[in-house]
Every structure is written in structure tokens, then in C-alpha cells.
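**Student:** Structure in C-alpha cells, see below.
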Amino acid sequence: MTTAEISEKYGLSKEELFAHVDNNEEESERITAPRYSYWHSVFRVFFRKKINIVILALLALMIVFTYIYPAVSTYDKYANIADSASKHLGPAAAMEYFGASIHWIFGSGASGQSTFDAVWYGARISVSLAFICAAINMTIGILVGALWGFSKRVDNIMIPIYNIVGNIPYVLLISVLVMLFTPSFWTMVFALTITGWIGIASFLRTQVIIIRDREYNLASKCLGTSTFKIAIKNILPFMTSVIVTQAATEIPSYISYEVFLAYIGMGISDMSLGRLIYEAETAMVTPGWEMEFWCPVAVVSFITIVLYVVGQNLGDATDPRTHM
């Protein structure tokens with residue numbers, strides 16, 4: 001196609017089609033690239049999957065019923081204990097007896113209490129326990145793991161400690177600690193965090209070793225930068241996706257530990273989800289009482305699945321390789 005044909009096709013003159021460009025050395029050195037924001041890309045990738053919007057809605061619903069609902073409802077386990085007709089009612093019978101209300105959609109328990117209220121009151125304790133334990137273990141594990149993987153001196157100290165503590169069954173250690181002290185909320189936090197961070201630190205150590213000998217880290221070390229500063233500034237920012245994914249598995253696991261220990265009679269004395277399941281064990285095989293057992297089991301499953309899926313998908317989104 002000739003210049004005249006192009007000019008006629010697009011309605012442009014020859015001067016508009018061909019313009020002289022000055023040779024500007026400063027402009028030629030300028031690099032033009034699209035602006036990149038890490039967290040903007042994280043949320044863009046995360047919300048690209050429509051299922052994540054549904055999962056976040058379920059997470060918001062879980063938070064509302066776990067923390068807000070118990071704060072505004074007046075739950076009293078023994079309010080109807082003197083009323084024998086109110087005990088062990090199914091959802092339909094409870095709503096007929098007490099009237100249509102959200103409090104009775106799961107029926108009533110052994111003391112005539114609302115199973116729905118009891119479940120979410122217990123969920124607040126179990127979820128709070130999981131978040132506190134995860135925050136403590138992840139913080140200590142990340143800091144120690146970063147130093148452990150970068151410093152050979154710390155490695156020489158931590159390897160024998162990990163070989164000893166890491167081979168002690170975790171559930172057995174928690175059980176012994178709970179038995180030694182009063183089985184309370186903070187006793188369980190202490191038992192779950194006294195050695196829980198070591199496994200996280202060991203995992204992160206392996207990840208740190210992979211990137212510790214890169215050129216910029218060697219250059220920082222040669223320039224006299226401290227090991228702690230290199231670990232915090234140069235290494236941890238590259239491990240965001242690994243840390244988020246690890247947290248996604250840690251938080252549900254603490255809920256599972258609490259439920260399991262309570263189910264075998266070694267849990268905390270507070271009315272957590274595990275304690276509810278433990279006290280409703282006989283209801284599982286009693287005709288008409290099954291909802292007392294299966295409702296807290298279903299809520300535990302719902303909470304752990306939602307927390308795990310949100311964490312895993314967020315972990316995938318924080319991986320820079322998915323931002324392309």
C-alpha cells in the first residue's frame with residue numbers, strides 16, 4: 001500500500017503520517033514500563049476468581065456469628081434447666097415450644113439451652129484460641145526461621161533443639177502440659193505455643209536457604225549489613241506467599257487440636273466447640289438428640305474449611321509469579 005493510499009484510507013496528510021523526531025539522549029535513556037503495585041496485583045489476582053468472593057462472604061458470615069452474634073445475644077446455658085419439657089428438643093419441636101426464632105433453629109440441649117447460641121458462643125472461644133496461637137507461633141517461627149536459615153551460628157544451636165523437640169509427639173506434649181496445669185484457655189495457648197513455632201521455623205529455614213546466597217544478599221553481607229537486617233529486609237519480603245500459605249494451614253489446625261483434646265476429655269474447661277462436642281457425645285447415638293452433636297461438628301467443619309480455603313487462595317495470590 002502506497003503512502004497516498006494510506007493517507008486517503010485514514011484521512012491523514014503526509015505531514016501527520018510522518019513526523020520528524022528529534023534525537024534526545026535523555027528521552028532515549030528513560031525506561032517506559034507499566035506501574036506495578038504488589039498489593040494491587042495481589043487483590044486483582046485474588047478477586048479474579050469469582051469463587052473467592054463467595055468464600056469471603058462466608059468468612060464475613062462466620063465472623064459475624066462468631067464475634068458479633070454472641071456479644072448481642074443473651075445466652076444463658078442454665079436459663080431453662082428447671083423446665084424438663086424444654087430439654088433435648090429438635091429444631092421443629094423447639095420452635096413450636098419456644099416460638100419461631102433463630103435461637104432455636106438447631107433445637108435445644110441437655111439443659112434446655114439454645115444449641116444455636118451455644119455453638120456460636122463456643123466458636124468464639126475456639127476461633128480466638130486459634131488466632132492467638134497462630135499469631136504467636138507465626139511471629140516467633142518467622143523471625144527464628146529467617147535467622148536460622150541465614151546464620152550458621154544459629155543453625156548450629158537450633159538443629160539439636162529441633163531434633164529433640166521435633167521428635168516428641170505434639171499431641172502428647174500438649175496433653176501433658178494441659179494435665180500439669182489447670183485446663184483453661186491460656187493454659188491451652190501456652191501448650192500450643194511453647195513448641196509449636198519450631199516446626200514453622202524449620203520450614204521457613206528451608207525456604208530461606210534457597211534464596212540466602214543470591215548476589216544481593218552476598219553484596220549486603222560484604223558491605224557489613226547485619227544478619228538480622230538482611231533476614232528481615234532482604235529475605236522475608238520474598239516469602240510473603242509462603243508465610244500466608246503456612247498461616248492458612250496453622251489456624252485451622254489449632255481448632256482441630258482443641259476439638260480433639262476436648263473430645264477425649266483433656267480440653268479446656270471453657271464451653272468451646274470441642275467441649276460442646278464432648279458433652280454431646282451420647283446424643284450422637286440417641287434417637288432425636290443427634291442435632292446436639294452434629295451441629296457443633298458441622299460448624300467446626302465450616303469454620304476450618306473457610307479459613308483454609310481463604311488462606312490458600314490468598315497465598316496463591318501473593319505469589320508474584322501469578323501477577324503476570
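By convention here, the chains of the C-alpha cells are called A, B, ... in the order presented, each chain's residues are numbered starting at 1, and ligands are numbered starting at 1 in the order presented.
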Got a sec: who's within 10 Å of range 186-199 of chain A, counting only C-alpha atoms, leaving out chain neighbours fewer than 2 positions off, as a short mmCIF file (atom, residue, chain, number, x, y, z; two decimals) with C-alpha atoms, in the first residue's frame?

**Tutor:**
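So out04.cif came out as:
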```
data_model
loop_
_atom_site.label_atom_id
_atom_site.label_comp_id
_atom_site.auth_asym_id
_atom_site.auth_seq_id
_atom_site.Cartn_x
_atom_site.Cartn_y
_atom_site.Cartn_z
CA LEU A 129 -7.70 -19.58 70.61
CA ALA A 130 -6.65 -20.45 67.05
CA ILE A 132 -3.90 -16.12 69.22
CA CYS A 133 -1.84 -19.33 68.87
CA ALA A 134 -1.27 -18.69 65.17
CA ALA A 135 -0.15 -15.10 65.83
CA ILE A 136 2.35 -16.19 68.50
CA ASN A 137 3.73 -19.22 66.64
CA MET A 138 3.93 -17.49 63.25
CA THR A 139 5.69 -14.42 64.69
CA ILE A 140 8.31 -16.43 66.58
CA GLY A 141 8.62 -19.01 63.81
CA ILE A 142 9.15 -16.39 61.08
CA VAL A 144 13.69 -17.55 64.19
CA GLY A 145 13.34 -19.28 60.81
CA MET A 158 18.73 -24.86 66.53
CA ILE A 161 16.91 -28.42 69.65
CA TYR A 162 14.73 -29.28 66.66
CA VAL A 165 11.71 -31.36 70.41
CA GLY A 166 10.56 -32.19 66.88
CA ILE A 168 8.22 -35.55 70.66
CA TYR A 170 2.92 -32.79 69.56
CA VAL A 171 -0.46 -34.01 70.83
CA LEU A 173 3.19 -32.83 74.70
CA ILE A 174 0.07 -30.67 74.68
CA SER A 175 -1.85 -33.29 76.68
CA VAL A 176 0.85 -33.48 79.36
CA LEU A 177 1.05 -29.71 79.71
CA VAL A 178 -2.74 -29.38 79.98
CA MET A 179 -2.78 -32.10 82.66
CA LEU A 180 0.01 -30.41 84.65
CA PHE A 181 -1.82 -27.10 84.81
CA THR A 182 -5.44 -26.02 85.18
CA PRO A 183 -7.20 -26.75 81.84
CA SER A 184 -8.04 -23.14 80.96
CA ALA A 201 10.81 -22.06 61.90
CA SER A 202 12.23 -25.27 60.41
CA PHE A 203 10.02 -24.96 57.34
CA LEU A 204 10.96 -21.31 56.79
CA ARG A 205 14.65 -22.15 57.33
CA GLU A 250 -1.83 -23.37 61.02
CA TYR A 254 -5.27 -25.27 66.24
CA TYR A 257 -6.25 -29.74 68.23
CA GLU A 258 -8.63 -28.02 70.64
CA LEU A 261 -8.32 -32.79 73.07
CA GLY A 267 -9.58 -29.93 76.65
CA ILE A 268 -10.16 -26.55 78.25
#
```

**Student:** How close does range 108-173 of chain A get to range 62-78 of chain A? List, as JSON lines, each residue of range 108-173 of chain A within 6 Å, its nearest atom pair and the distance in Å to one decimal, counting only C-alpha atoms.

**Tutor:**
```
{"residue": "A:Gln113", "atom": "CA", "partner": "A:Lys77", "partner_atom": "CA", "distance": 5.1}
{"residue": "A:Trp120", "atom": "CA", "partner": "A:Thr66", "partner_atom": "CA", "distance": 5.5}
{"residue": "A:Tyr121", "atom": "CA", "partner": "A:Pro70", "partner_atom": "CA", "distance": 5.6}
{"residue": "A:Ala123", "atom": "CA", "partner": "A:Thr66", "partner_atom": "CA", "distance": 5.8}
{"residue": "A:Arg124", "atom": "CA", "partner": "A:Thr66", "partner_atom": "CA", "distance": 4.9}
```

**Student:** Please write the residues from the selection above to a file, keeping N, CA and C atoms, as a PDB file, in the first residue's frame.

**Tutor:**
```pdb
ATOM      1  N   GLN A 113     -30.967 -25.304  76.872  1.00  0.00           N
ATOM      2  CA  GLN A 113     -30.347 -24.133  76.258  1.00  0.00           C
ATOM      3  C   GLN A 113     -30.450 -24.199  74.741  1.00  0.00           C
ATOM      4  N   TRP A 120     -22.260 -21.017  68.654  1.00  0.00           N
ATOM      5  CA  TRP A 120     -21.523 -19.819  68.268  1.00  0.00           C
ATOM      6  C   TRP A 120     -20.803 -19.182  69.453  1.00  0.00           C
ATOM      7  N   TYR A 121     -21.301 -19.385  70.648  1.00  0.00           N
ATOM      8  CA  TYR A 121     -20.565 -18.960  71.835  1.00  0.00           C
ATOM      9  C   TYR A 121     -19.273 -19.776  71.952  1.00  0.00           C
ATOM     10  N   ALA A 123     -17.804 -21.246  69.404  1.00  0.00           N
ATOM     11  CA  ALA A 123     -16.965 -20.916  68.246  1.00  0.00           C
ATOM     12  C   ALA A 123     -16.096 -19.697  68.534  1.00  0.00           C
ATOM     13  N   ARG A 124     -16.636 -18.743  69.272  1.00  0.00           N
ATOM     14  CA  ARG A 124     -15.845 -17.557  69.610  1.00  0.00           C
ATOM     15  C   ARG A 124     -14.606 -17.942  70.409  1.00  0.00           C
TER      16      ARG A 124
END
```

**Student:** At what distance in Å, to one decimal, does CA of Pro91 in chain A lie from CA of Ile105 in chain A?

**Tutor:**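 Taking CA of Ile105 in chain A as the start and CA of Pro91 in chain A as the end point, the length is 5.1 Å.
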
**Student:** Please list as a ChimeraX atom specification every residue within 9 Å of Thr282 in chain A, counting only C-alpha atoms and excluding residues in the same chain fewer than 6 positions away.

**Tutor:** /A:289-290,293

**Student:** Could I get the residues of range 231-266 of chain A with an atom no further than 12 Å from an atom of range 35-44 of chain A, each paired with its nearest atom pair and that distance in Å to one decimal, using only C-alpha atoms, sorted by chain and residue number, as JSON lines?

**Tutor:**
```
{"residue": "A:Pro237", "atom": "CA", "partner": "A:Tyr38", "partner_atom": "CA", "distance": 11.0}
{"residue": "A:Phe238", "atom": "CA", "partner": "A:Tyr38", "partner_atom": "CA", "distance": 11.5}
{"residue": "A:Thr240", "atom": "CA", "partner": "A:Val42", "partner_atom": "CA", "distance": 10.9}
{"residue": "A:Ser241", "atom": "CA", "partner": "A:Val42", "partner_atom": "CA", "distance": 10.1}
```

**Student:** Give me, please, the distance in Å between CA of Lys50 in chain A and CA of Pro320 in chain A, quoted to one decimal.

**Tutor:** 20.0 Å

**Student:** What is the CA of Val297 in chain A to CA of Ile81 in chain A distance in Å?

**Tutor:** 23.8 Å

**Student:** For Ala280 in chain A, which of A:Ala231, A:Val244, A:Val119, A:Leu223 is the closest residue, counting only C-alpha atoms?

**Tutor:**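 When distances to Ala280 in chain A are compared using only C-alpha atoms, the smallest one comes from A:Val119.
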
**Student:** Check range 101-244 of chain A with DSSP on the backbone and list each residue it calls alpha helix (DSSP H), as an NGL selection string.

**Tutor:** :A and (115-150 or 152-165 or 170-180 or 185-193 or 196-211 or 215-222 or 227-229 or 240-244)

**Student:** Find the residues near Ile264 in chain A: any atom within 10 Å, counting only C-alpha atoms, skip ones fewer than 2 places away on the same chain, and give them as a PDB file with N, CA and C atoms, in the first residue's frame.

**Tutor:**
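After the write, selection-v2.pdb holds the following:
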```
ATOM      1  N   VAL A 259     -10.436 -29.179  69.509  1.00  0.00           N
ATOM      2  CA  VAL A 259     -11.608 -30.057  69.438  1.00  0.00           C
ATOM      3  C   VAL A 259     -11.235 -31.488  69.792  1.00  0.00           C
ATOM      4  N   PHE A 260     -10.103 -31.963  69.289  1.00  0.00           N
ATOM      5  CA  PHE A 260      -9.683 -33.345  69.558  1.00  0.00           C
ATOM      6  C   PHE A 260      -9.397 -33.563  71.037  1.00  0.00           C
ATOM      7  N   LEU A 261      -8.648 -32.638  71.652  1.00  0.00           N
ATOM      8  CA  LEU A 261      -8.320 -32.787  73.070  1.00  0.00           C
ATOM      9  C   LEU A 261      -9.570 -32.720  73.941  1.00  0.00           C
ATOM     10  N   ALA A 262     -10.494 -31.819  73.585  1.00  0.00           N
ATOM     11  CA  ALA A 262     -11.739 -31.734  74.345  1.00  0.00           C
ATOM     12  C   ALA A 262     -12.572 -32.996  74.162  1.00  0.00           C
ATOM     13  N   MET A 266      -9.667 -33.958  77.565  1.00  0.00           N
ATOM     14  CA  MET A 266      -8.476 -33.274  78.066  1.00  0.00           C
ATOM     15  C   MET A 266      -8.431 -31.820  77.594  1.00  0.00           C
ATOM     16  N   GLY A 267      -9.555 -31.286  77.181  1.00  0.00           N
ATOM     17  CA  GLY A 267      -9.584 -29.929  76.655  1.00  0.00           C
ATOM     18  C   GLY A 267      -9.752 -28.896  77.735  1.00  0.00           C
ATOM     19  N   GLY A 274     -15.065 -27.791  71.033  1.00  0.00           N
ATOM     20  CA  GLY A 274     -14.628 -29.125  71.432  1.00  0.00           C
ATOM     21  C   GLY A 274     -15.350 -29.615  72.669  1.00  0.00           C
ATOM     22  N   ARG A 275     -15.553 -28.721  73.620  1.00  0.00           N
ATOM     23  CA  ARG A 275     -16.262 -29.085  74.850  1.00  0.00           C
ATOM     24  C   ARG A 275     -17.726 -29.424  74.558  1.00  0.00           C
ATOM     25  N   TYR A 278     -17.803 -32.852  73.084  1.00  0.00           N
ATOM     26  CA  TYR A 278     -17.524 -33.831  74.136  1.00  0.00           C
ATOM     27  C   TYR A 278     -18.762 -34.084  74.996  1.00  0.00           C
TER      28      TYR A 278
END
```

**Student:** Within 9 Å of Met239 in chain A, counting only C-alpha atoms, which residues qualify if same-chain residues fewer than 4 places away don't, as a list in words?

**Tutor:** Leu204, Gln207, Val208, Ile235, Ile243, Val244 and Asp319 of chain A

**Student:** Those selected residues, please, written with all heavy atoms and delivered as a compact mmCIF listing (two decimals), in the first residue's frame.

**Tutor:**
```txt
# COMPACT_ATOMS: atom_id res chain seq x y z
N LEU A 204 10.49 -22.58 57.37
CA LEU A 204 10.96 -21.31 56.79
C LEU A 204 12.48 -21.31 56.61
O LEU A 204 13.00 -20.67 55.70
CB LEU A 204 10.53 -20.14 57.65
CG LEU A 204 9.03 -19.85 57.65
CD1 LEU A 204 8.69 -18.72 58.61
CD2 LEU A 204 8.54 -19.49 56.26
N GLN A 207 13.19 -22.59 53.26
CA GLN A 207 12.88 -21.61 52.23
C GLN A 207 13.94 -20.51 52.17
O GLN A 207 14.29 -20.03 51.09
CB GLN A 207 11.50 -20.99 52.48
CG GLN A 207 10.37 -21.99 52.59
CD GLN A 207 10.21 -22.82 51.34
OE1 GLN A 207 10.25 -22.30 50.23
NE2 GLN A 207 10.03 -24.12 51.50
N VAL A 208 14.45 -20.12 53.34
CA VAL A 208 15.47 -19.06 53.40
C VAL A 208 16.77 -19.54 52.75
O VAL A 208 17.44 -18.77 52.04
CB VAL A 208 15.71 -18.63 54.86
CG1 VAL A 208 16.93 -17.74 54.96
CG2 VAL A 208 14.49 -17.91 55.41
N ILE A 235 15.15 -10.95 52.82
CA ILE A 235 14.66 -12.33 52.64
C ILE A 235 13.16 -12.45 52.88
O ILE A 235 12.43 -12.97 52.03
CB ILE A 235 15.43 -13.30 53.56
CG1 ILE A 235 16.91 -13.34 53.13
CG2 ILE A 235 14.82 -14.69 53.52
CD1 ILE A 235 17.78 -14.22 53.99
N ILE A 243 4.58 -17.58 53.67
CA ILE A 243 4.11 -17.32 55.03
C ILE A 243 2.58 -17.35 55.09
O ILE A 243 2.01 -17.94 56.01
CB ILE A 243 4.64 -15.95 55.51
CG1 ILE A 243 6.16 -16.02 55.68
CG2 ILE A 243 3.98 -15.54 56.81
CD1 ILE A 243 6.82 -14.67 55.93
N VAL A 244 1.92 -16.75 54.11
CA VAL A 244 0.45 -16.74 54.08
C VAL A 244 -0.08 -18.17 53.94
O VAL A 244 -1.04 -18.56 54.62
CB VAL A 244 -0.07 -15.85 52.95
CG1 VAL A 244 -1.58 -15.99 52.79
CG2 VAL A 244 0.29 -14.39 53.20
N ASP A 319 1.79 -14.76 45.54
CA ASP A 319 2.95 -15.22 44.77
C ASP A 319 3.12 -14.31 43.56
O ASP A 319 2.24 -14.26 42.69
CB ASP A 319 2.75 -16.67 44.34
CG ASP A 319 4.02 -17.26 43.72
OD1 ASP A 319 4.95 -16.49 43.41
OD2 ASP A 319 4.07 -18.49 43.55
```
